[in-house]
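Novice: Next comes protein.cif, mmCIF, C-alpha atoms and all ligand atoms:
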data_target
#
loop_
_atom_site.label_atom_id
_atom_site.label_comp_id
_atom_site.auth_asym_id
_atom_site.auth_seq_id
_atom_site.Cartn_x
_atom_site.Cartn_y
_atom_site.Cartn_z
CA MET A 1 11.84 75.96 -20.05
CA ASP A 2 11.31 78.97 -17.76
CA MET A 3 14.29 79.38 -15.45
CA PHE A 4 12.20 79.60 -12.27
CA GLU A 5 10.35 76.46 -13.23
CA ALA A 6 13.66 74.64 -13.72
CA ILE A 7 14.96 75.88 -10.35
CA GLY A 8 11.65 75.13 -8.63
CA THR A 9 11.50 71.51 -9.80
CA GLN A 10 15.16 70.54 -9.66
CA ARG A 11 15.82 68.03 -6.94
CA ALA A 12 18.08 65.04 -6.42
CA MET A 13 16.98 62.43 -8.97
CA ARG A 14 18.72 59.24 -7.83
CA ARG A 15 16.67 56.68 -9.74
CA LEU A 16 17.79 56.86 -13.35
CA LYS A 17 16.98 54.91 -16.49
CA PRO A 18 19.94 53.32 -18.30
CA ASP A 19 18.87 54.90 -21.63
CA PRO A 20 21.84 56.51 -23.39
CA ILE A 21 22.30 60.27 -23.32
CA SER A 22 23.40 61.97 -26.53
CA ASP A 23 26.70 63.77 -26.93
CA GLU A 24 24.69 66.82 -27.97
CA ASP A 25 22.88 66.94 -24.61
CA ILE A 26 26.13 66.37 -22.71
CA TRP A 27 27.87 69.21 -24.57
CA LYS A 28 24.91 71.51 -23.96
CA ILE A 29 24.88 70.75 -20.24
CA LEU A 30 28.63 71.22 -19.87
CA ASP A 31 28.59 74.38 -21.95
CA ALA A 32 26.10 75.74 -19.39
CA ALA A 33 28.38 74.56 -16.57
CA ILE A 34 31.38 76.51 -17.78
CA LYS A 35 29.42 79.76 -17.95
CA ALA A 36 29.55 79.84 -14.14
CA PRO A 37 31.70 82.33 -12.24
CA SER A 38 35.00 81.42 -10.59
CA GLY A 39 37.53 83.38 -8.53
CA SER A 40 39.45 85.80 -10.82
CA ASN A 41 37.79 83.94 -13.71
CA ARG A 42 40.43 81.28 -13.18
CA GLN A 43 38.07 78.57 -14.44
CA PRO A 44 39.89 75.92 -12.41
CA TRP A 45 37.49 73.20 -13.50
CA ASN A 46 37.53 70.14 -15.67
CA PHE A 47 34.72 67.67 -16.18
CA ILE A 48 35.27 64.01 -16.92
CA VAL A 49 32.39 62.33 -18.74
CA VAL A 50 32.34 58.62 -17.97
CA ARG A 51 30.18 56.25 -20.01
CA ASP A 52 32.46 53.21 -20.09
CA ALA A 53 30.70 50.34 -18.28
CA GLU A 54 33.83 48.97 -16.60
CA THR A 55 34.93 52.38 -15.33
CA LYS A 56 31.42 53.04 -13.98
CA ARG A 57 31.42 49.62 -12.33
CA LYS A 58 34.66 50.36 -10.49
CA ILE A 59 33.49 53.82 -9.40
CA GLY A 60 30.23 52.21 -8.29
CA GLU A 61 32.16 49.78 -6.09
CA TYR A 62 34.08 52.62 -4.43
CA TYR A 63 30.87 54.57 -3.97
CA LEU A 64 29.03 51.64 -2.39
CA ASP A 65 31.95 50.95 -0.06
CA ALA A 66 31.87 54.61 0.99
CA TRP A 67 28.11 54.43 1.50
CA ASN A 68 28.47 51.36 3.71
CA LYS A 69 31.24 52.97 5.74
CA ALA A 70 29.47 56.31 6.11
CA TYR A 71 25.83 55.38 6.43
CA VAL A 72 25.46 51.72 7.28
CA SER A 73 28.13 51.35 9.93
CA GLY A 74 29.52 54.88 10.13
CA PRO A 75 29.09 58.02 12.22
CA VAL A 76 26.56 59.79 9.99
CA GLN A 77 24.17 56.87 10.19
CA ALA A 78 22.00 58.49 12.86
CA ALA A 79 21.29 61.74 11.01
CA LEU A 80 20.10 60.11 7.83
CA ARG A 81 18.15 57.48 9.74
CA GLU A 82 15.84 60.05 11.38
CA PRO A 83 12.21 59.32 10.37
CA ARG A 84 11.88 62.59 8.44
CA MET A 85 14.90 61.57 6.39
CA ALA A 86 13.56 58.10 5.51
CA GLY A 87 12.77 59.05 1.91
CA VAL A 88 16.19 60.58 1.34
CA TYR A 89 17.84 57.53 2.95
CA ARG A 90 16.02 55.07 0.71
CA SER A 91 16.76 57.15 -2.36
CA ALA A 92 20.44 57.57 -1.46
CA GLU A 93 20.69 53.85 -0.65
CA HIS A 94 19.23 53.04 -4.05
CA LEU A 95 21.80 55.24 -5.76
CA ALA A 96 24.60 53.65 -3.75
CA HIS A 97 23.59 50.22 -5.05
CA HIS A 98 22.90 51.32 -8.64
CA LEU A 99 25.37 54.12 -9.39
CA ALA A 100 26.99 52.23 -12.26
CA GLU A 101 23.62 51.87 -14.01
CA ALA A 102 23.43 55.61 -14.63
CA PRO A 103 24.22 56.09 -18.32
CA VAL A 104 26.65 58.91 -17.55
CA LEU A 105 28.78 59.88 -14.57
CA ILE A 106 30.31 63.34 -14.63
CA ILE A 107 33.22 64.04 -12.30
CA ALA A 108 33.83 67.73 -11.65
CA THR A 109 37.43 68.50 -10.73
CA ILE A 110 39.38 71.54 -9.61
CA ARG A 111 43.04 72.41 -10.07
CA LYS A 112 44.67 73.03 -6.72
CA ASP A 113 46.53 76.31 -6.15
CA GLY A 114 49.38 74.68 -4.28
CA ALA A 115 49.78 71.56 -2.25
CA SER A 116 46.40 71.96 -0.61
CA ILE A 117 43.00 73.19 -1.58
CA SER A 118 41.87 76.59 -0.28
CA PRO A 119 38.86 76.81 2.03
CA THR A 120 36.97 78.80 -0.61
CA ALA A 121 37.87 76.52 -3.53
CA GLY A 122 34.35 75.12 -3.61
CA ALA A 123 33.04 78.57 -4.49
CA SER A 124 34.85 78.25 -7.82
CA ILE A 125 33.37 74.91 -8.80
CA TYR A 126 29.91 74.43 -7.25
CA PRO A 127 28.29 77.28 -9.22
CA ALA A 128 29.35 75.36 -12.35
CA VAL A 129 27.96 72.14 -10.90
CA GLN A 130 24.66 73.90 -10.17
CA ASN A 131 24.54 75.27 -13.73
CA LEU A 132 25.16 71.74 -14.96
CA MET A 133 22.29 70.34 -12.89
CA LEU A 134 19.87 73.08 -13.89
CA ALA A 135 20.75 72.68 -17.57
CA ALA A 136 20.15 68.94 -17.22
CA ARG A 137 16.80 69.65 -15.60
CA ALA A 138 15.84 71.94 -18.48
CA LEU A 139 16.53 69.02 -20.83
CA GLY A 140 14.45 66.66 -18.68
CA LEU A 141 17.51 64.85 -17.31
CA GLY A 142 18.03 63.99 -13.66
CA THR A 143 21.15 64.57 -11.58
CA THR A 144 22.37 64.46 -7.99
CA LEU A 145 25.35 66.26 -6.53
CA THR A 146 27.30 63.54 -4.74
CA THR A 147 30.58 63.47 -2.87
CA LEU A 148 30.75 60.02 -1.27
CA HIS A 149 33.37 58.86 -3.77
CA LYS A 150 35.78 61.19 -1.90
CA PHE A 151 36.31 58.34 0.57
CA HIS A 152 38.25 56.78 -2.31
CA GLU A 153 39.70 59.94 -3.82
CA GLU A 154 43.10 58.41 -4.64
CA GLU A 155 41.64 55.28 -6.23
CA VAL A 156 39.18 57.31 -8.33
CA LYS A 157 41.96 59.66 -9.41
CA GLN A 158 44.14 56.75 -10.44
CA LEU A 159 41.30 55.07 -12.30
CA LEU A 160 40.59 58.22 -14.31
CA GLY A 161 44.22 59.29 -14.75
CA ILE A 162 43.66 62.52 -12.81
CA PRO A 163 46.99 64.26 -12.03
CA GLU A 164 48.26 65.00 -8.52
CA GLU A 165 47.48 68.76 -8.68
CA VAL A 166 43.82 68.14 -9.43
CA GLU A 167 41.13 67.14 -6.95
CA THR A 168 37.67 65.75 -7.57
CA MET A 169 34.89 67.90 -6.12
CA ALA A 170 31.67 66.20 -7.18
CA LEU A 171 30.39 63.10 -8.90
CA ILE A 172 27.16 63.67 -10.76
CA PRO A 173 25.16 60.75 -12.13
CA LEU A 174 23.13 61.90 -15.13
CA GLY A 175 20.25 60.21 -16.91
CA LYS A 176 16.58 60.17 -17.70
CA PRO A 177 14.76 60.00 -14.37
CA LYS A 178 12.48 57.12 -13.47
CA GLY A 179 10.38 59.38 -11.25
CA ARG A 180 8.97 62.82 -11.76
CA PHE A 181 10.65 66.13 -11.13
CA GLY A 182 9.04 68.18 -8.39
CA PRO A 183 9.62 70.91 -5.86
CA PRO A 184 12.42 70.22 -3.38
CA THR A 185 11.52 70.19 0.32
CA ARG A 186 12.87 73.35 1.90
CA LEU A 187 12.09 75.61 4.85
CA PRO A 188 10.00 78.61 3.81
CA VAL A 189 12.13 81.48 2.57
CA GLU A 190 10.77 83.80 5.30
CA LYS A 191 12.35 81.54 7.93
CA VAL A 192 15.85 81.84 6.58
CA VAL A 193 15.98 85.42 5.34
CA TYR A 194 16.87 88.28 7.69
CA TRP A 195 16.52 91.90 6.72
CA GLU A 196 19.31 94.32 7.62
CA LYS A 197 20.31 92.43 10.79
CA TRP A 198 20.56 88.87 12.03
CA ASP A 199 17.24 87.44 13.21
CA GLU A 200 15.11 90.33 11.89
CA ARG A 201 12.49 88.58 9.83
CA ARG A 202 9.70 89.88 7.66
CA GLU A 203 6.50 88.39 6.38
CA ARG A 204 6.20 88.33 2.64
C1 LIG A 301 27.84 68.95 -0.69
C2 LIG A 301 26.81 67.91 -1.06
C3 LIG A 301 27.16 66.58 -1.02
C4 LIG A 301 26.22 65.60 -1.34
N1 LIG A 301 26.60 64.29 -1.36
C5 LIG A 301 25.69 63.34 -1.70
C6 LIG A 301 26.08 61.99 -1.82
O1 LIG A 301 27.25 61.62 -1.67
N2 LIG A 301 25.14 61.09 -2.15
C7 LIG A 301 23.84 61.43 -2.40
O2 LIG A 301 23.03 60.55 -2.71
N3 LIG A 301 23.45 62.72 -2.29
C8 LIG A 301 24.33 63.67 -1.97
N4 LIG A 301 23.96 64.98 -1.92
C9 LIG A 301 22.57 65.35 -2.26
C10 LIG A 301 21.79 65.84 -1.05
O3 LIG A 301 21.44 64.75 -0.23
C11 LIG A 301 20.54 66.54 -1.57
O4 LIG A 301 20.96 67.67 -2.30
C12 LIG A 301 19.64 67.01 -0.46
O5 LIG A 301 19.13 65.91 0.27
C13 LIG A 301 18.48 67.81 -1.02
O6 LIG A 301 17.80 67.00 -1.94
P1 LIG A 301 16.64 67.60 -2.84
O7 LIG A 301 17.25 68.67 -3.66
O8 LIG A 301 16.13 66.42 -3.63
O9 LIG A 301 15.59 68.14 -1.93
C14 LIG A 301 24.89 65.98 -1.65
C15 LIG A 301 24.56 67.33 -1.73
C16 LIG A 301 25.50 68.29 -1.46
C17 LIG A 301 25.13 69.75 -1.59
#
Translate the structure of the given file into structure tokens.
Specialist:
Amino acid sequence: MDMFEAIGTQRAMRRLKPDPISDEDIWKILDAAIKAPSGSNRQPWNFIVVRDAETKRKIGEYYLDAWNKAYVSGPVQAALREPRMAGVYRSAEHLAHHLAEAPVLIIATIRKDGASISPTAGASIYPAVQNLMLAARALGLGTTLTTLHKFHEEEVKQLLGIPEEVETMALIPLGKPKGRFGPPTRLPVEKVVYWEKWDERRER
């Protein structure tokens, strides 16, 4: 698949079929992930591939609890409940109630430098996550970058045997999508690009 087509049609695919995903596809996707850059080429990442039904069920419970706390009764409820966000809300709500049905959950982790995580740590893991999602798209598989499980970071770490010096950074459900891929909704590029100085825009 052409790279620009993959980028141009990759969006959050939260409704996934339970059909199994082959090891071969998973290796291919993760091999693309680890080609990403990281600070000093430290490659601080690990990826945990979860297919076990009971483990997914437990993660799903934590995720749904986080969803309920954050979006049903929590402070971010208002933002996602705006009319223009209705589609995203419904889709995210669906995922929250069906996370464990995804055939694969991939948890991307990062090794901490010391006791805490540096403010730029994400820059050494999210390029890999993006590679992962684009590679999945090229294989016709849907993904979503999610972080809600972080409400239950300690429980998820314990469940997966993740050591103290490692932190989870993303949880990516992976599977064949029920819906169709399509262009993500974004502001036009001319609105967000400045040339030479802040606020100096150009027409294309
Ligand atoms: C840092 C980050 C955290 C996210 N966390 C979640 C999440 O916990 N649950 C979820 O359903 N989507 C999550 N998303 C997905 C975003 O909602 C999605 O990327 C955004 O709405 C754009 O969707 P689109 O690419 O389909 O247009 C997250 C995305 C990012 C970048």
Novice: List all protein, DNA and RNA residues that have an atom no more than 6 Å from any atom of ligand LIG 301 (chain A), counting only C-alpha atoms and all ligand atoms, and report them as a PDB file with C-alpha atoms, in the frame of the given file.
Specialist:
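Result file is part09.pdb:
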ATOM      1  CA  ARG A  11      15.820  68.030  -6.940  1.00  0.00           C
ATOM      2  CA  ALA A  12      18.080  65.040  -6.420  1.00  0.00           C
ATOM      3  CA  ALA A  92      20.440  57.570  -1.460  1.00  0.00           C
ATOM      4  CA  THR A 144      22.370  64.460  -7.990  1.00  0.00           C
ATOM      5  CA  LEU A 145      25.350  66.260  -6.530  1.00  0.00           C
ATOM      6  CA  THR A 146      27.300  63.540  -4.740  1.00  0.00           C
ATOM      7  CA  THR A 147      30.580  63.470  -2.870  1.00  0.00           C
ATOM      8  CA  LEU A 148      30.750  60.020  -1.270  1.00  0.00           C
ATOM      9  CA  PRO A 184      12.420  70.220  -3.380  1.00  0.00           C
ATOM     10  CA  THR A 185      11.520  70.190   0.320  1.00  0.00           C
TER      11      THR A 185
END
Novice: What does the structure give for the distance between CA of Ile125 in chain A and CA of Lys197 in chain A, in Å to one decimal?
Specialist: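 One can read the CA of Ile125 in chain A to CA of Lys197 in chain A distance as 29.3 Å.
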Novice: Mind giving me the straight-line distance from CA of Gly175 in chain A to CA of Leu141 in chain A in Å, one decimal?
Specialist: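 Value for the CA of Gly175 in chain A-CA of Leu141 in chain A distance: 5.4 Å.
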Novice: Quote the spacing between CA of Phe47 in chain A and CA of Asp113 in chain A in Å to one decimal place.
Specialist: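 Taking CA of Phe47 in chain A and CA of Asp113 in chain A, their separation equals 17.7 Å.
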Novice: Return the single residue from A:Pro103, A:Pro177, A:Ala138, A:Asp19 that is closest to Met3 in chain A, with distances computed using all atoms listed in the file.
Specialist: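 Closest to Met3 in chain A, using all atoms listed in the file: A:Ala138.
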Novice: So which residues touch range 126-135 of chain A within 9 Å, counting only C-alpha atoms, skipping near sequence neighbours fewer than 6 positions away, as a list in words?
Specialist: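 Listing them by chain and then by number gives Met3, Ala6, Ile7, Gln10, Lys28, Ile29, Leu30, Asp31, Ala32, Ala33, Ile34, Lys35, Ala36, Pro37, Ser38, Trp45, Ala108, Leu141, Gly142, Thr143, Thr144, Leu145, Met169, Ala170, Ile172 and Leu174 of chain A.
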Novice: Here is a test: counting all atoms listed in the file, which residue of A:Glu101, A:Glu82, A:Glu61, A:Glu154 is nearest to Pro18 in chain A?
Specialist: A:Glu101
Novice: Determine, counting all atoms listed in the file, which protein, DNA and RNA residues have an atom within 12 Å of an atom of Val192 in chain A; residues of the same chain fewer than 5 positions away are not included. Present the result as a VMD selection string.
Specialist: chain A and resid 186 to 187 198 to 203
Novice: With distances taken over all atoms listed in the file, which of A:Arg204, A:Arg42, A:Lys176, A:Arg15 is nearest to Ala121 in chain A?
Specialist: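 Among the listed residues, A:Arg42 lies closest to Ala121 in chain A.
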Novice: For His98 in chain A, which of A:Leu16, A:Ala136, A:His152, A:Thr55 is the closest residue, counting all atoms listed in the file?
Specialist: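 The closest residue to His98 in chain A is A:Leu16.
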